[in-house]
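Dumped target35.tsv below, it's TSV, C-alpha atoms and all ligand atoms:
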chain	number	residue	atom	x	y	z
A	1	MET	CA	0.00	0.00	0.00
A	2	GLN	CA	1.30	3.47	-0.80
A	3	LEU	CA	0.17	7.05	-0.44
A	4	MET	CA	-0.35	8.67	-3.82
A	5	ALA	CA	-1.21	12.19	-4.93
A	6	VAL	CA	-4.57	12.26	-6.72
A	7	ASP	CA	-3.04	14.06	-9.72
A	8	GLU	CA	-0.72	11.07	-10.18
A	9	LEU	CA	-3.48	8.46	-10.04
A	10	LYS	CA	-3.90	6.29	-13.11
A	11	GLU	CA	-6.85	4.23	-14.28
A	12	GLY	CA	-6.61	0.66	-13.09
A	13	MET	CA	-5.02	1.43	-9.75
A	14	VAL	CA	-6.88	-0.07	-6.80
A	15	LEU	CA	-7.73	1.94	-3.70
A	16	ALA	CA	-6.29	0.40	-0.55
A	17	GLN	CA	-8.44	2.37	1.89
A	18	ASP	CA	-11.82	4.10	1.99
A	19	VAL	CA	-11.52	7.71	0.91
A	20	VAL	CA	-13.26	9.93	3.41
A	21	SER	CA	-13.97	13.64	3.02
A	22	ASP	CA	-13.17	16.31	5.60
A	23	ALA	CA	-16.76	16.01	6.77
A	24	PHE	CA	-16.17	12.28	7.34
A	25	VAL	CA	-18.36	11.29	4.40
A	26	SER	CA	-17.13	8.13	2.73
A	27	ILE	CA	-16.58	9.04	-0.93
A	28	VAL	CA	-15.15	5.88	-2.45
A	29	THR	CA	-14.67	2.55	-0.74
A	30	GLU	CA	-11.59	0.40	-0.40
A	31	SER	CA	-10.86	-1.99	-3.32
A	32	THR	CA	-12.48	0.32	-5.86
A	33	ILE	CA	-10.64	0.42	-9.19
A	34	VAL	CA	-9.67	3.93	-10.19
A	35	THR	CA	-11.43	5.35	-13.26
A	36	HIS	CA	-11.52	8.79	-14.88
A	37	GLU	CA	-14.80	9.51	-13.12
A	38	ILE	CA	-13.32	8.70	-9.74
A	39	ILE	CA	-10.26	10.88	-10.32
A	40	ALA	CA	-12.55	13.75	-11.36
A	41	LYS	CA	-14.73	13.24	-8.27
A	42	LEU	CA	-11.70	13.26	-5.94
A	43	GLU	CA	-10.33	16.40	-7.56
A	44	LYS	CA	-13.66	18.14	-7.32
A	45	LEU	CA	-13.76	17.42	-3.60
A	46	ASP	CA	-10.17	18.67	-3.14
A	47	ILE	CA	-8.91	15.28	-1.96
A	48	GLU	CA	-5.16	15.46	-2.45
A	49	PHE	CA	-3.89	12.01	-1.45
A	50	VAL	CA	-5.25	8.45	-1.36
A	51	TYR	CA	-3.85	5.07	-0.46
A	52	VAL	CA	-3.50	2.62	-3.36
A	53	HIS	CA	-2.30	-0.97	-3.66
A	54	SER	CA	1.06	-1.42	-5.35
A	55	GLU	CA	-0.32	-3.82	-8.01
A	56	MET	CA	-2.38	-2.39	-10.87
A	57	MET	CA	-5.29	-4.05	-12.63
A	58	THR	CA	-4.66	-4.85	-16.29
A	59	GLU	CA	-6.63	-2.92	-18.92
A	60	GLU	CA	-8.92	-5.91	-19.55
A	61	GLU	CA	-9.51	-6.44	-15.87
A	62	THR	CA	-10.38	-2.78	-15.52
A	63	ALA	CA	-12.70	-2.86	-18.50
A	64	PHE	CA	-14.46	-6.00	-17.36
A	65	SER	CA	-14.47	-5.24	-13.72
A	66	GLN	CA	-17.90	-5.23	-12.16
A	67	VAL	CA	-16.69	-3.14	-9.26
A	68	GLU	CA	-18.51	0.15	-9.24
A	69	PRO	CA	-17.63	3.13	-7.07
A	70	ILE	CA	-19.96	3.31	-4.13
A	71	PHE	CA	-20.78	6.86	-3.20
A	72	GLU	CA	-22.18	6.61	0.25
A	73	LYS	CA	-25.52	8.25	0.80
A	74	LEU	CA	-24.70	8.82	4.44
A	75	ASP	CA	-24.68	12.41	5.59
A	76	GLY	CA	-21.66	13.77	7.50
A	77	LYS	CA	-22.99	12.91	10.93
A	78	GLU	CA	-23.94	9.33	10.03
A	79	ALA	CA	-20.60	8.74	8.33
A	80	LEU	CA	-18.77	10.10	11.34
A	81	ASN	CA	-20.78	7.86	13.62
A	82	TYR	CA	-20.04	4.91	11.35
A	83	ASN	CA	-16.27	5.55	11.41
A	84	TYR	CA	-16.33	6.23	15.11
A	85	ASN	CA	-18.14	3.00	15.94
A	86	LYS	CA	-15.96	1.00	13.55
A	87	THR	CA	-12.90	2.30	15.36
A	88	VAL	CA	-14.28	1.72	18.86
A	89	ASN	CA	-15.08	-1.87	17.84
A	90	LYS	CA	-11.51	-2.31	16.72
A	91	ILE	CA	-10.29	-1.09	20.11
A	92	LYS	CA	-12.75	-3.51	21.70
A	93	ASN	CA	-11.24	-6.40	19.73
A	94	ILE	CA	-7.75	-5.42	20.86
A	95	PHE	CA	-8.88	-5.26	24.51
A	96	ASN	CA	-10.51	-8.69	24.14
A	97	ASP	CA	-7.47	-10.23	22.44
A	98	LEU	CA	-5.25	-8.92	25.22
A	99	LYS	CA	-7.32	-10.77	27.80
A	100	PHE	CA	-6.27	-14.00	26.11
A	101	GLY	CA	-2.66	-13.10	25.36
A	102	VAL	CA	-0.81	-10.81	23.02
A	103	ALA	CA	-2.53	-8.85	20.25
A	104	ASP	CA	-0.78	-7.52	17.17
A	105	ILE	CA	-1.79	-4.00	18.07
A	106	LYS	CA	0.45	-2.23	15.59
A	107	SER	CA	-1.03	-3.86	12.51
A	108	GLU	CA	-4.55	-3.77	14.00
A	109	MET	CA	-4.26	-0.01	14.44
A	110	ASP	CA	-2.46	0.72	11.17
A	111	GLY	CA	-4.54	3.27	9.28
A	112	THR	CA	-7.53	2.74	11.61
A	113	LEU	CA	-7.55	6.28	12.95
A	114	ASP	CA	-6.90	7.93	9.57
A	115	PRO	CA	-10.49	8.82	8.59
A	116	LEU	CA	-11.15	10.42	11.97
A	117	LEU	CA	-7.71	11.98	12.11
A	118	SER	CA	-8.06	13.62	8.73
A	119	GLY	CA	-11.10	15.44	10.11
A	120	ILE	CA	-8.96	16.80	12.93
A	121	LEU	CA	-6.09	17.79	10.70
A	122	HIS	CA	-8.31	19.57	8.20
A	123	ASN	CA	-11.42	20.65	10.08
A	124	ASN	CA	-9.61	21.55	13.23
A	125	ASN	CA	-12.23	20.74	15.78
A	126	ILE	CA	-13.97	17.61	16.92
A	127	LEU	CA	-15.49	18.87	20.13
A	128	SER	CA	-19.03	18.98	18.81
A	129	SER	CA	-18.60	15.64	17.05
A	130	LEU	CA	-17.45	13.89	20.20
A	131	ARG	CA	-20.49	15.13	22.07
A	132	ILE	CA	-22.89	13.49	19.64
A	133	MET	CA	-21.10	10.17	19.27
A	134	LYS	CA	-23.13	7.29	20.56
A	135	TYR	CA	-21.57	4.04	21.62
A	136	ASP	CA	-23.49	2.02	24.12
A	137	ASP	CA	-20.79	-0.22	25.43
A	138	ASP	CA	-17.93	-0.11	27.85
A	139	TYR	CA	-17.01	3.45	28.85
A	140	THR	CA	-13.28	2.64	28.64
A	141	LEU	CA	-13.50	1.96	24.88
A	142	LYS	CA	-15.24	5.21	23.99
A	143	HIS	CA	-13.02	7.12	26.38
A	144	SER	CA	-9.91	5.62	24.74
A	145	LEU	CA	-10.86	6.84	21.30
A	146	ASN	CA	-12.00	10.24	22.58
A	147	VAL	CA	-8.67	10.75	24.35
A	148	GLY	CA	-6.82	9.75	21.17
A	149	LEU	CA	-8.73	12.28	19.10
A	150	LEU	CA	-8.62	15.06	21.69
A	151	SER	CA	-4.87	14.51	22.18
A	152	ALA	CA	-4.33	14.75	18.43
A	153	MET	CA	-6.29	17.98	18.35
A	154	ILE	CA	-4.33	19.47	21.24
A	155	GLY	CA	-1.09	18.32	19.59
A	156	LYS	CA	-2.05	20.07	16.39
A	157	TRP	CA	-2.87	23.28	18.27
A	158	TYR	CA	0.45	22.96	20.08
A	159	GLY	CA	2.20	23.06	16.71
A	160	LEU	CA	3.28	19.43	16.35
A	161	ASN	CA	3.78	18.08	12.84
A	162	GLU	CA	1.47	15.55	11.15
A	163	ASN	CA	3.58	12.53	12.13
A	164	GLN	CA	3.68	13.63	15.75
A	165	VAL	CA	-0.06	14.26	15.73
A	166	ALA	CA	-0.62	10.76	14.33
A	167	ASP	CA	1.68	9.28	17.01
A	168	LEU	CA	-0.15	11.22	19.67
A	169	SER	CA	-3.52	9.95	18.45
A	170	LEU	CA	-2.21	6.39	18.80
A	171	ALA	CA	-0.73	7.02	22.24
A	172	GLY	CA	-3.96	8.67	23.38
A	173	THR	CA	-6.14	5.87	22.00
A	174	LEU	CA	-3.99	3.20	23.63
A	175	HIS	CA	-3.27	5.02	26.90
A	176	ASP	CA	-5.57	2.79	28.94
A	177	ILE	CA	-4.97	-0.45	27.05
A	178	GLY	CA	-3.43	-1.80	30.28
A	179	LYS	CA	-6.92	-1.76	31.81
A	180	SER	CA	-7.44	-5.01	29.91
A	181	LYS	CA	-5.30	-6.54	32.68
A	182	VAL	CA	-7.21	-4.93	35.55
A	183	PRO	CA	-10.22	-6.83	36.96
A	184	ARG	CA	-13.51	-5.46	35.67
A	185	TYR	CA	-15.06	-5.16	39.13
A	186	ILE	CA	-12.37	-2.64	40.06
A	187	LEU	CA	-12.77	-0.59	36.87
A	188	ASN	CA	-16.55	-0.39	37.19
A	189	LYS	CA	-16.84	-0.12	40.94
A	190	PRO	CA	-19.35	2.63	41.70
A	191	GLY	CA	-18.04	3.49	45.17
A	192	GLU	CA	-14.59	4.41	46.35
A	193	LEU	CA	-11.77	1.94	45.79
A	194	SER	CA	-9.94	0.46	48.75
A	195	SER	CA	-6.24	1.35	48.87
A	196	GLN	CA	-5.38	-2.14	47.65
A	197	GLU	CA	-7.84	-1.87	44.73
A	198	PHE	CA	-6.54	1.60	43.95
A	199	GLY	CA	-3.00	0.21	43.77
A	200	ILE	CA	-4.14	-2.45	41.30
A	201	ALA	CA	-6.02	0.11	39.20
A	202	GLN	CA	-2.96	2.38	39.09
A	203	GLN	CA	-0.90	-0.43	37.62
A	204	HIS	CA	-2.76	0.02	34.32
A	205	ALA	CA	-0.32	2.72	33.18
A	206	VAL	CA	2.62	0.33	33.52
A	207	TYR	CA	0.60	-2.48	31.89
A	208	SER	CA	-0.21	-0.18	28.94
A	209	TYR	CA	3.48	0.56	28.50
A	210	GLU	CA	4.48	-3.10	28.72
A	211	ILE	CA	1.83	-4.16	26.20
A	212	LEU	CA	2.98	-1.59	23.64
A	213	LYS	CA	6.65	-2.45	24.19
A	214	GLU	CA	5.90	-6.14	23.73
A	215	SER	CA	3.84	-5.65	20.60
A	216	ARG	CA	6.74	-3.72	19.03
A	217	GLY	CA	6.59	-1.04	16.35
A	218	PHE	CA	5.62	1.77	18.70
A	219	SER	CA	8.12	4.59	19.17
A	220	ASP	CA	9.57	5.45	22.58
A	221	ASP	CA	7.59	8.70	22.51
A	222	ILE	CA	4.34	6.76	22.15
A	223	CYS	CA	5.26	4.23	24.85
A	224	GLU	CA	6.35	6.92	27.30
A	225	GLY	CA	3.29	9.05	26.56
A	226	VAL	CA	1.23	6.06	27.66
A	227	LEU	CA	3.36	5.17	30.68
A	228	TYR	CA	3.30	8.65	32.18
A	229	HIS	CA	-0.26	9.78	31.41
A	230	HIS	CA	-1.12	9.82	35.14
A	231	GLU	CA	1.93	11.83	36.18
A	232	ARG	CA	0.96	15.25	37.49
A	233	PHE	CA	2.76	18.56	37.04
A	234	ASN	CA	3.25	19.01	40.80
A	235	GLY	CA	4.67	15.52	41.27
A	236	SER	CA	1.51	14.04	42.79
A	237	GLY	CA	0.94	11.50	40.00
A	238	TYR	CA	2.06	7.96	39.30
A	239	PRO	CA	3.89	5.68	38.55
A	240	GLN	CA	7.04	7.72	39.25
A	241	GLY	CA	5.91	11.03	40.71
A	242	MET	CA	7.71	12.99	37.99
A	243	LYS	CA	7.40	16.77	38.00
A	244	GLY	CA	6.84	19.60	35.49
A	245	LYS	CA	8.41	19.39	32.07
A	246	ALA	CA	10.34	16.27	33.06
A	247	ILE	CA	7.05	14.54	32.20
A	248	PRO	CA	7.19	13.80	28.45
A	249	LEU	CA	5.13	16.16	26.25
A	250	TYR	CA	2.80	13.45	24.91
A	251	ALA	CA	1.96	12.38	28.47
A	252	ARG	CA	1.22	15.99	29.49
A	253	ILE	CA	-1.11	16.39	26.51
A	254	ILE	CA	-2.85	13.04	27.09
A	255	ALA	CA	-3.38	13.99	30.75
A	256	VAL	CA	-5.36	17.10	29.73
A	257	ALA	CA	-7.42	15.15	27.16
A	258	ASP	CA	-7.99	12.33	29.67
A	259	VAL	CA	-9.32	14.61	32.43
A	260	PHE	CA	-11.46	16.64	30.03
A	261	ASP	CA	-13.11	13.58	28.49
A	262	ALA	CA	-13.63	11.92	31.85
A	263	LEU	CA	-15.46	15.04	33.06
A	264	THR	CA	-17.62	15.48	29.97
A	265	SER	CA	-18.60	11.81	29.55
A	266	ASP	CA	-21.30	9.84	31.26
A	267	LYS	CA	-19.56	7.40	33.56
A	268	VAL	CA	-20.59	4.63	35.84
A	269	TYR	CA	-19.93	6.63	38.96
A	270	GLN	CA	-20.54	10.18	37.86
A	271	GLY	CA	-22.82	12.17	35.57
A	272	LYS	CA	-21.26	14.28	32.85
A	273	VAL	CA	-20.63	17.99	33.18
A	274	SER	CA	-20.82	20.69	30.50
A	275	PRO	CA	-17.64	21.61	28.58
A	276	PHE	CA	-17.64	24.95	30.40
A	277	LEU	CA	-17.79	23.42	33.85
A	278	ALA	CA	-15.11	20.95	32.74
A	279	ALA	CA	-13.03	23.89	31.54
A	280	ASP	CA	-13.41	25.53	34.95
A	281	ILE	CA	-12.21	22.35	36.65
A	282	LEU	CA	-9.27	22.04	34.21
A	283	LYS	CA	-8.40	25.66	34.89
A	284	SER	CA	-8.23	25.01	38.63
A	285	MET	CA	-6.11	21.90	37.96
A	286	SER	CA	-3.76	23.88	35.72
A	287	PHE	CA	-2.35	25.67	38.77
A	288	GLU	CA	-0.98	22.42	40.18
A	289	GLU	CA	-1.67	19.17	38.38
A	290	LEU	CA	-1.82	19.82	34.64
A	291	ASP	CA	0.66	21.60	32.38
A	292	PRO	CA	-0.58	25.22	32.54
A	293	GLU	CA	0.59	26.12	29.04
A	294	ILE	CA	-1.20	23.19	27.37
A	295	THR	CA	-4.31	23.55	29.54
A	296	ASN	CA	-4.70	27.28	28.91
A	297	MET	CA	-4.26	26.85	25.18
A	298	PHE	CA	-6.87	24.08	25.20
A	299	LEU	CA	-9.34	26.15	27.23
A	300	LYS	CA	-8.95	29.12	24.91
A	301	LYS	CA	-9.70	26.94	21.89
A	302	ILE	CA	-12.71	25.34	23.57
A	303	ALA	CA	-14.13	28.71	24.54
A	304	GLU	CA	-13.57	30.14	21.04
A	305	PHE	CA	-15.22	27.10	19.53
A	306	TYR	CA	-18.44	27.57	21.46
A	307	VAL	CA	-18.98	31.24	20.57
A	308	GLY	CA	-22.33	31.42	18.81
A	309	ASN	CA	-23.56	28.21	20.48
A	310	LYS	CA	-26.84	27.96	22.33
A	311	VAL	CA	-26.49	27.09	26.01
A	312	LEU	CA	-28.71	26.19	28.93
A	313	LEU	CA	-27.97	28.08	32.15
A	314	ASN	CA	-28.45	26.83	35.69
A	315	THR	CA	-31.30	29.34	35.97
A	316	GLY	CA	-33.23	27.28	33.40
A	317	GLU	CA	-32.91	30.01	30.78
A	318	GLU	CA	-31.50	29.41	27.30
A	319	GLY	CA	-29.08	31.84	25.73
A	320	GLU	CA	-26.36	32.26	23.16
A	321	ILE	CA	-22.65	32.79	23.74
A	322	ILE	CA	-21.88	36.17	22.23
A	323	TYR	CA	-18.46	37.22	23.38
A	324	LEU	CA	-15.57	35.78	25.38
A	325	ASN	CA	-14.01	37.55	28.32
A	326	LYS	CA	-10.30	37.48	27.64
A	327	PHE	CA	-9.43	37.05	31.30
A	328	SER	CA	-12.24	34.72	32.16
A	329	LEU	CA	-12.72	32.44	29.19
A	330	THR	CA	-15.21	30.13	30.82
A	331	LYS	CA	-17.50	33.01	31.79
A	332	PRO	CA	-18.60	34.57	28.51
A	333	LEU	CA	-21.18	37.21	27.65
A	334	ILE	CA	-24.55	35.55	27.00
A	335	LYS	CA	-27.54	36.90	25.12
A	336	ILE	CA	-30.85	35.79	26.59
A	337	GLY	CA	-33.73	37.05	24.51
A	338	GLU	CA	-33.09	40.77	24.26
A	339	LYS	CA	-30.87	41.09	27.34
A	340	PHE	CA	-27.16	40.47	27.79
A	341	VAL	CA	-25.72	38.73	30.84
A	342	ASP	CA	-22.01	38.86	31.65
A	343	LEU	CA	-21.21	35.61	33.47
A	344	SER	CA	-17.90	37.02	34.71
A	345	THR	CA	-19.83	39.41	36.94
A	346	LYS	CA	-22.77	37.11	37.73
A	347	THR	CA	-20.92	34.42	39.59
A	348	ASP	CA	-24.11	32.58	40.58
A	349	ILE	CA	-25.06	31.94	36.94
A	350	LYS	CA	-23.33	29.03	35.21
A	351	ILE	CA	-23.51	27.24	31.86
A	352	LYS	CA	-25.20	23.96	32.65
A	353	GLU	CA	-25.28	22.48	29.19
A	354	VAL	CA	-24.19	23.29	25.64
A	355	LEU	CA	-27.18	22.74	23.36
A	401	FE	FE	-5.41	5.97	32.69

Written as structure tokens, how would this file's structure read?
Amino acid sequence: MQLMAVDELKEGMVLAQDVVSDAFVSIVTESTIVTHEIIAKLEKLDIEFVYVHSEMMTEEETAFSQVEPIFEKLDGKEALNYNYNKTVNKIKNIFNDLKFGVADIKSEMDGTLDPLLSGILHNNNILSSLRIMKYDDDYTLKHSLNVGLLSAMIGKWYGLNENQVADLSLAGTLHDIGKSKVPRYILNKPGELSSQEFGIAQQHAVYSYEILKESRGFSDDICEGVLYHHERFNGSGYPQGMKGKAIPLYARIIAVADVFDALTSDKVYQGKVSPFLAADILKSMSFEELDPEITNMFLKKIAEFYVGNKVLLNTGEEGEIIYLNKFSLTKPLIKIGEKFVDLSTKTDIKIKEVL
């Protein structure tokens, strides 16, 4: 399989992967034989690169091929949901395989995140998409993918290159893979863990690292990003109690994504909170536990993203975010009907939900 520029495509080549648009719509499916029409369609949609198989079909094979391009009728949201669920199921298979021994994680994951990742690299923001994704299974699986995608987004905002962003998406997605070795009753326990149970649960970071090391093909940056994702900026984390920038960058980014997704997801032991309340909690953690530079950048982007969004306030009123307060990003100016409410001065009013 090789990456090829669309303007170098030739008739008879065979696509090695689904081609997905920026809006996550599947345009042409894997194994489709390239024709003039397909090249024209790809160019029209500004798709620059596709994956193709190394072997070409002969002219006769192309002419007689019954394979037709399938242009999915799914709209952007359905296609995104389809790709999202497909990927979560893949993570589920890896978790299951690991319960019985070693999984070939590298080849399982190869190219798996690409359709979702291309959305991040080109559309910039997946916050709204993540909120609408439905996956009614184990929280850990959905959380894994969300952290992978959020980490990639933060990495991109941080200025990392495409390869680093792709590495980060893998590290984020696999950060909790070691939970496959932790008993389920501990992971899903609704109440507080005993200190012995907590010790077992904490081991998952080391297990994740060991699994990736054993399965080979993952860079040191990826493995260390996974190992240290529970380290905290003030040294209060585990497994080593590292401090500040001694914690590898990928791990510091994954930590922010991990906390944010945990707060904004429905979990066994806690209801979800709005992105703005989560941002407030992250902000308070940025003074001690999370990298302040990464956290502040992330909060700024979140706040900017939600300008223009409808929100539900804790007063029961609905309003629209009009303007951000530069010094208090999580407390914007809201328009409710004809009146304006500045949340930075009305400390009793909070954003309960983004609609
Ligand atoms: Fe974790």

Report task. Please give me, as a VMD selection string, the residues lying within 7 Å of ligand FE 401 (chain A) when counting only C-alpha atoms and all ligand atoms. Result -> chain A and resid 175 to 176 204 to 205 229 to 230

At most 12 Å is the cut-off: for each residue in segment 210-257 of chain A with any atom that close to an atom of segment 88-104 of chain A, write down the nearest atom pair and the distance in Å rounded to one decimal, counting all atoms listed in the file, chain first then increasing number, as a Markdown table.
| residue | atom | partner | partner_atom | distance |
| --- | --- | --- | --- | --- |
| A:Glu210 | CA | A:Val102 | CA | 11.0 |
| A:Ile211 | CA | A:Val102 | CA | 7.8 |
| A:Leu212 | CA | A:Asp104 | CA | 9.5 |
| A:Lys213 | CA | A:Val102 | CA | 11.3 |
| A:Glu214 | CA | A:Val102 | CA | 8.2 |
| A:Ser215 | CA | A:Asp104 | CA | 6.1 |
| A:Arg216 | CA | A:Asp104 | CA | 8.6 |
| A:Gly217 | CA | A:Asp104 | CA | 9.8 |
| A:Phe218 | CA | A:Asp104 | CA | 11.4 |

**Report entry** Shell of 9 Å around segment 154-158 of chain A, only C-alpha atoms, local chain residues under 5 positions omitted, as a VMD selection string
**Finding:** chain A and resid 120 to 121 124 149 164 to 165 168 to 169 250 253 to 254 256 to 257 294 297 to 298 301

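Note that atom CA of Ser144 of chain A and atom CA of Asp220 of chain A are 19.6 Å apart.
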
Query raised in the report: With distances taken over all atoms listed in the file, which of A:Glu231, A:Asp221, A:Asp7, A:Glu304 is nearest to Asp291 of chain A?
Result: A:Glu231

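Distances to Ala251 of chain A were evaluated for A:Lys335, A:Lys189, A:Gly148, A:Lys283 using all atoms listed in the file, and the minimum falls at A:Gly148.
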
Polymer residues at most 10 Å from segment 41-43 of chain A, only C-alpha atoms, same-chain spacing of 5 or more positions, as a compact mmCIF listing (two decimals) with C-alpha atoms, in the frame of the given file:
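Result written to out-v3.txt:
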# COMPACT_ATOMS: atom_id res chain seq x y z
CA VAL A 6 -4.57 12.26 -6.72
CA ASP A 7 -3.04 14.06 -9.72
CA VAL A 19 -11.52 7.71 0.91
CA SER A 21 -13.97 13.64 3.02
CA ILE A 27 -16.58 9.04 -0.93
CA VAL A 28 -15.15 5.88 -2.45
CA THR A 35 -11.43 5.35 -13.26
CA HIS A 36 -11.52 8.79 -14.88
CA GLU A 48 -5.16 15.46 -2.45
CA PHE A 49 -3.89 12.01 -1.45
CA VAL A 50 -5.25 8.45 -1.36

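The space between atom CA of Ile47 of chain A and atom CA of Asp114 of chain A spans 13.8 Å.
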
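Pairwise distance (atom CA of His143 of chain A, atom CA of Thr112 of chain A) equals 16.4 Å.
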
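For the choices A:Thr140, A:Ser151, A:Gln240, A:Gln17, the atom-to-atom distance to Thr295 of chain A is smallest for A:Ser151 when using all atoms listed in the file.
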
Query raised in the report: For Leu3 of chain A, which residue among A:Asn296, A:Ser54, A:Thr315, A:Thr32 is the nearest when counting all atoms listed in the file?
Result: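 The shortest atom-to-atom distance to Leu3 of chain A comes from A:Ser54.
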
Query - Residues within 9 Å of Ile334 of chain A, all atoms listed in the file, excluding chain neighbours under 6 positions, as a list in words - result: Val311, Gly319, Glu320, Ile321, Ile322, Tyr323, Phe340, Val341, Asp342 and Leu343 of chain A

Written selection (C-alpha atoms) as an mmCIF file, keeping the file's coordinate frame:
data_model
loop_
_atom_site.group_PDB
_atom_site.id
_atom_site.type_symbol
_atom_site.label_atom_id
_atom_site.label_comp_id
_atom_site.auth_asym_id
_atom_site.auth_seq_id
_atom_site.Cartn_x
_atom_site.Cartn_y
_atom_site.Cartn_z
ATOM 1 C CA VAL A 311 -26.490 27.090 26.010
ATOM 2 C CA GLY A 319 -29.080 31.840 25.730
ATOM 3 C CA GLU A 320 -26.360 32.260 23.160
ATOM 4 C CA ILE A 321 -22.650 32.790 23.740
ATOM 5 C CA ILE A 322 -21.880 36.170 22.230
ATOM 6 C CA TYR A 323 -18.460 37.220 23.380
ATOM 7 C CA PHE A 340 -27.160 40.470 27.790
ATOM 8 C CA VAL A 341 -25.720 38.730 30.840
ATOM 9 C CA ASP A 342 -22.010 38.860 31.650
ATOM 10 C CA LEU A 343 -21.210 35.610 33.470
#

Report task. Would you mind listing what lies within 10 Å of Leu127 of chain A as a count of residues only, with only C-alpha atoms counted and same-chain residues fewer than 5 positions away left out? Result -> 10
